[in-house]
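What follows is a short report on a single structure.
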Amino acid sequence: MVTQFESIEKEKIAQLSFPKTDVLENVAEIAQRFSDLNRALSLGNLEHSKIKIYFEDDKSRKVVETTVWGLTDQRVILKQGNVIPINRIYKAA
């Protein structure tokens, strides 16, 4: 099954609305997402590398290519203070 993700610019993320439910149900997938996000944080801070974050808002699935600047227990922090709730992220690659 191939799922389409619409590309979005990081500046438009602040305009999106995110439901509270998690897009992942499997415990192993949730653990992998956490690992991927920590790796993305390291790449962003040490090498200023961009990664792709695959996520879903209240309307559709999206992908953004960006640098991860920080992580909290609930959010991924991007440049210019934009945030994506972790529970709405499928993967970071």
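Following the order of the structure tokens, chains are lettered A, B, ..., residues in each are numbered from 1, and ligands are numbered from 1.
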### Long-range neighbours of Lys20 in chain A as a PyMOL selection string, 10 Å cut-off, only C-alpha atoms, 3 positions minimum in chain
chain A and resi 17+23+57-58+85+87-88
### Task
Find the residues near Ile89 in chain A: any atom within 8 Å, counting only C-alpha atoms, skip ones fewer than 5 places away on the same chain, and give them as a PyMOL selection string.
chain A and resi 23+33+53-56+84
Please write the residues from the selection above to a file, keeping all heavy atoms, as a PDB file, in the first residue's frame.
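File out.pdb, as written:
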ATOM      1  N   VAL A  23      -1.415   8.954  15.412  1.00  0.00           N
ATOM      2  CA  VAL A  23      -1.559   8.335  14.088  1.00  0.00           C
ATOM      3  C   VAL A  23      -1.020   6.906  14.079  1.00  0.00           C
ATOM      4  O   VAL A  23      -1.342   6.130  13.193  1.00  0.00           O
ATOM      5  CB  VAL A  23      -0.874   9.172  12.980  1.00  0.00           C
ATOM      6  CG1 VAL A  23      -1.572  10.510  12.818  1.00  0.00           C
ATOM      7  CG2 VAL A  23       0.606   9.351  13.251  1.00  0.00           C
ATOM      8  N   ARG A  33       9.497   5.754  15.968  1.00  0.00           N
ATOM      9  CA  ARG A  33       9.301   7.185  15.728  1.00  0.00           C
ATOM     10  C   ARG A  33      10.143   8.002  16.714  1.00  0.00           C
ATOM     11  O   ARG A  33      10.818   8.957  16.320  1.00  0.00           O
ATOM     12  CB  ARG A  33       7.818   7.541  15.866  1.00  0.00           C
ATOM     13  CG  ARG A  33       7.553   9.037  15.802  1.00  0.00           C
ATOM     14  CD  ARG A  33       6.085   9.371  15.872  1.00  0.00           C
ATOM     15  NE  ARG A  33       5.487   8.956  17.132  1.00  0.00           N
ATOM     16  CZ  ARG A  33       4.176   8.842  17.344  1.00  0.00           C
ATOM     17  NH1 ARG A  33       3.323   9.114  16.379  1.00  0.00           N
ATOM     18  NH2 ARG A  33       3.716   8.463  18.513  1.00  0.00           N
ATOM     19  N   ILE A  53       9.802  14.941   7.535  1.00  0.00           N
ATOM     20  CA  ILE A  53       8.877  14.520   8.572  1.00  0.00           C
ATOM     21  C   ILE A  53       7.530  14.250   7.899  1.00  0.00           C
ATOM     22  O   ILE A  53       6.964  15.135   7.255  1.00  0.00           O
ATOM     23  CB  ILE A  53       8.716  15.587   9.668  1.00  0.00           C
ATOM     24  CG1 ILE A  53      10.053  15.847  10.345  1.00  0.00           C
ATOM     25  CG2 ILE A  53       7.656  15.147  10.685  1.00  0.00           C
ATOM     26  CD1 ILE A  53      10.019  16.945  11.388  1.00  0.00           C
ATOM     27  N   TYR A  54       7.055  13.025   8.054  1.00  0.00           N
ATOM     28  CA  TYR A  54       5.771  12.603   7.492  1.00  0.00           C
ATOM     29  C   TYR A  54       4.738  12.666   8.614  1.00  0.00           C
ATOM     30  O   TYR A  54       4.899  12.013   9.645  1.00  0.00           O
ATOM     31  CB  TYR A  54       5.874  11.182   6.941  1.00  0.00           C
ATOM     32  CG  TYR A  54       6.853  11.067   5.806  1.00  0.00           C
ATOM     33  CD1 TYR A  54       8.216  10.891   6.041  1.00  0.00           C
ATOM     34  CD2 TYR A  54       6.422  11.152   4.488  1.00  0.00           C
ATOM     35  CE1 TYR A  54       9.121  10.803   4.991  1.00  0.00           C
ATOM     36  CE2 TYR A  54       7.311  11.061   3.427  1.00  0.00           C
ATOM     37  CZ  TYR A  54       8.664  10.893   3.697  1.00  0.00           C
ATOM     38  OH  TYR A  54       9.555  10.809   2.654  1.00  0.00           O
ATOM     39  N   PHE A  55       3.696  13.471   8.433  1.00  0.00           N
ATOM     40  CA  PHE A  55       2.723  13.689   9.502  1.00  0.00           C
ATOM     41  C   PHE A  55       1.325  13.879   8.942  1.00  0.00           C
ATOM     42  O   PHE A  55       1.124  13.898   7.724  1.00  0.00           O
ATOM     43  CB  PHE A  55       3.140  14.896  10.350  1.00  0.00           C
ATOM     44  CG  PHE A  55       3.093  16.220   9.631  1.00  0.00           C
ATOM     45  CD1 PHE A  55       2.004  17.060   9.778  1.00  0.00           C
ATOM     46  CD2 PHE A  55       4.143  16.630   8.816  1.00  0.00           C
ATOM     47  CE1 PHE A  55       1.956  18.288   9.116  1.00  0.00           C
ATOM     48  CE2 PHE A  55       4.113  17.850   8.158  1.00  0.00           C
ATOM     49  CZ  PHE A  55       3.011  18.676   8.306  1.00  0.00           C
ATOM     50  N   GLU A  56       0.353  14.000   9.839  1.00  0.00           N
ATOM     51  CA  GLU A  56      -1.037  14.180   9.426  1.00  0.00           C
ATOM     52  C   GLU A  56      -1.697  15.243  10.297  1.00  0.00           C
ATOM     53  O   GLU A  56      -1.594  15.197  11.527  1.00  0.00           O
ATOM     54  CB  GLU A  56      -1.792  12.854   9.563  1.00  0.00           C
ATOM     55  CG  GLU A  56      -3.206  12.899   9.031  1.00  0.00           C
ATOM     56  CD  GLU A  56      -3.865  11.530   9.012  1.00  0.00           C
ATOM     57  OE1 GLU A  56      -3.168  10.505   9.150  1.00  0.00           O
ATOM     58  OE2 GLU A  56      -5.096  11.494   8.858  1.00  0.00           O
ATOM     59  N   ILE A  84       5.265  20.571  15.517  1.00  0.00           N
ATOM     60  CA  ILE A  84       4.383  19.491  15.094  1.00  0.00           C
ATOM     61  C   ILE A  84       4.217  18.570  16.294  1.00  0.00           C
ATOM     62  O   ILE A  84       5.219  18.132  16.878  1.00  0.00           O
ATOM     63  CB  ILE A  84       4.976  18.689  13.911  1.00  0.00           C
ATOM     64  CG1 ILE A  84       5.236  19.587  12.708  1.00  0.00           C
ATOM     65  CG2 ILE A  84       4.034  17.542  13.522  1.00  0.00           C
ATOM     66  CD1 ILE A  84       5.964  18.889  11.567  1.00  0.00           C
TER      67      ILE A  84
END
#### Entry: Sel. of helix (DSSP H, G or I) residues, range 44-79 of chain A, as a PyMOL selection string
chain A and resi 44-47+79
### Message
Between A:Ile30, A:Val64, A:Leu71, A:Leu78, which residue has the minimum interatomic distance to His48 in chain A, considering only C-alpha atoms?
### Response
A:Leu78
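Here the DSSP assignment of strand (DSSP E), based on backbone atoms, applies within chain A to Glu6, Ser7, Ile51, Lys52, Ile53, Tyr54, Phe55, Glu56, Arg61, Lys62, Val63, Val64, Glu65, Thr66, Val68, Trp69, Gly70, Leu71, Arg75, Val76, Ile77, Leu78, Val83, Ile84, Pro85, Ile89, Tyr90, Lys91 and Ala92 of chain A.
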### Task
Could you tell me how far CA of Ser49 in chain A lies from CA of Thr67 in chain A, in Å and to one decimal?
6.2 Å
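From CA of Ser7 in chain A back to CA of Ala40 in chain A, the distance works out to 18.5 Å.
The space between CA of Ala93 in chain A and CA of Ala14 in chain A spans 21.4 Å.
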### Query
What's the 12 Å shell around Gln80 in chain A, counting only C-alpha atoms, without same-chain residues fewer than 5 positions away, as a PyMOL selection string?
chain A and resi 10-14+66-70
Write the residues of the selection above to a file with N, CA and C atoms, as a PDB file, in the first residue's frame.
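Resulting contents of result_23.pdb:
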ATOM      1  N   LYS A  10       7.491  24.576   5.704  1.00  0.00           N
ATOM      2  CA  LYS A  10       7.463  24.639   7.177  1.00  0.00           C
ATOM      3  C   LYS A  10       6.774  25.892   7.698  1.00  0.00           C
ATOM      4  N   GLU A  11       6.793  26.972   6.934  1.00  0.00           N
ATOM      5  CA  GLU A  11       6.162  28.215   7.359  1.00  0.00           C
ATOM      6  C   GLU A  11       4.636  28.086   7.461  1.00  0.00           C
ATOM      7  N   LYS A  12       4.055  27.122   6.770  1.00  0.00           N
ATOM      8  CA  LYS A  12       2.597  26.956   6.768  1.00  0.00           C
ATOM      9  C   LYS A  12       2.115  26.026   7.882  1.00  0.00           C
ATOM     10  N   ILE A  13       3.019  25.399   8.598  1.00  0.00           N
ATOM     11  CA  ILE A  13       2.633  24.439   9.641  1.00  0.00           C
ATOM     12  C   ILE A  13       1.862  25.129  10.760  1.00  0.00           C
ATOM     13  N   ALA A  14       2.193  26.365  11.073  1.00  0.00           N
ATOM     14  CA  ALA A  14       1.513  27.094  12.150  1.00  0.00           C
ATOM     15  C   ALA A  14       0.021  27.277  11.870  1.00  0.00           C
ATOM     16  N   THR A  66      12.822  19.717   6.603  1.00  0.00           N
ATOM     17  CA  THR A  66      13.213  20.761   7.538  1.00  0.00           C
ATOM     18  C   THR A  66      14.305  20.265   8.478  1.00  0.00           C
ATOM     19  N   THR A  67      14.793  21.163   9.297  1.00  0.00           N
ATOM     20  CA  THR A  67      15.757  20.841  10.344  1.00  0.00           C
ATOM     21  C   THR A  67      15.021  20.812  11.680  1.00  0.00           C
ATOM     22  N   VAL A  68      15.253  19.769  12.461  1.00  0.00           N
ATOM     23  CA  VAL A  68      14.662  19.672  13.798  1.00  0.00           C
ATOM     24  C   VAL A  68      15.569  20.424  14.762  1.00  0.00           C
ATOM     25  N   TRP A  69      15.003  21.423  15.455  1.00  0.00           N
ATOM     26  CA  TRP A  69      15.770  22.249  16.378  1.00  0.00           C
ATOM     27  C   TRP A  69      15.627  21.785  17.815  1.00  0.00           C
ATOM     28  N   GLY A  70      14.518  21.126  18.126  1.00  0.00           N
ATOM     29  CA  GLY A  70      14.323  20.681  19.499  1.00  0.00           C
ATOM     30  C   GLY A  70      13.206  19.667  19.610  1.00  0.00           C
TER      31      GLY A  70
END
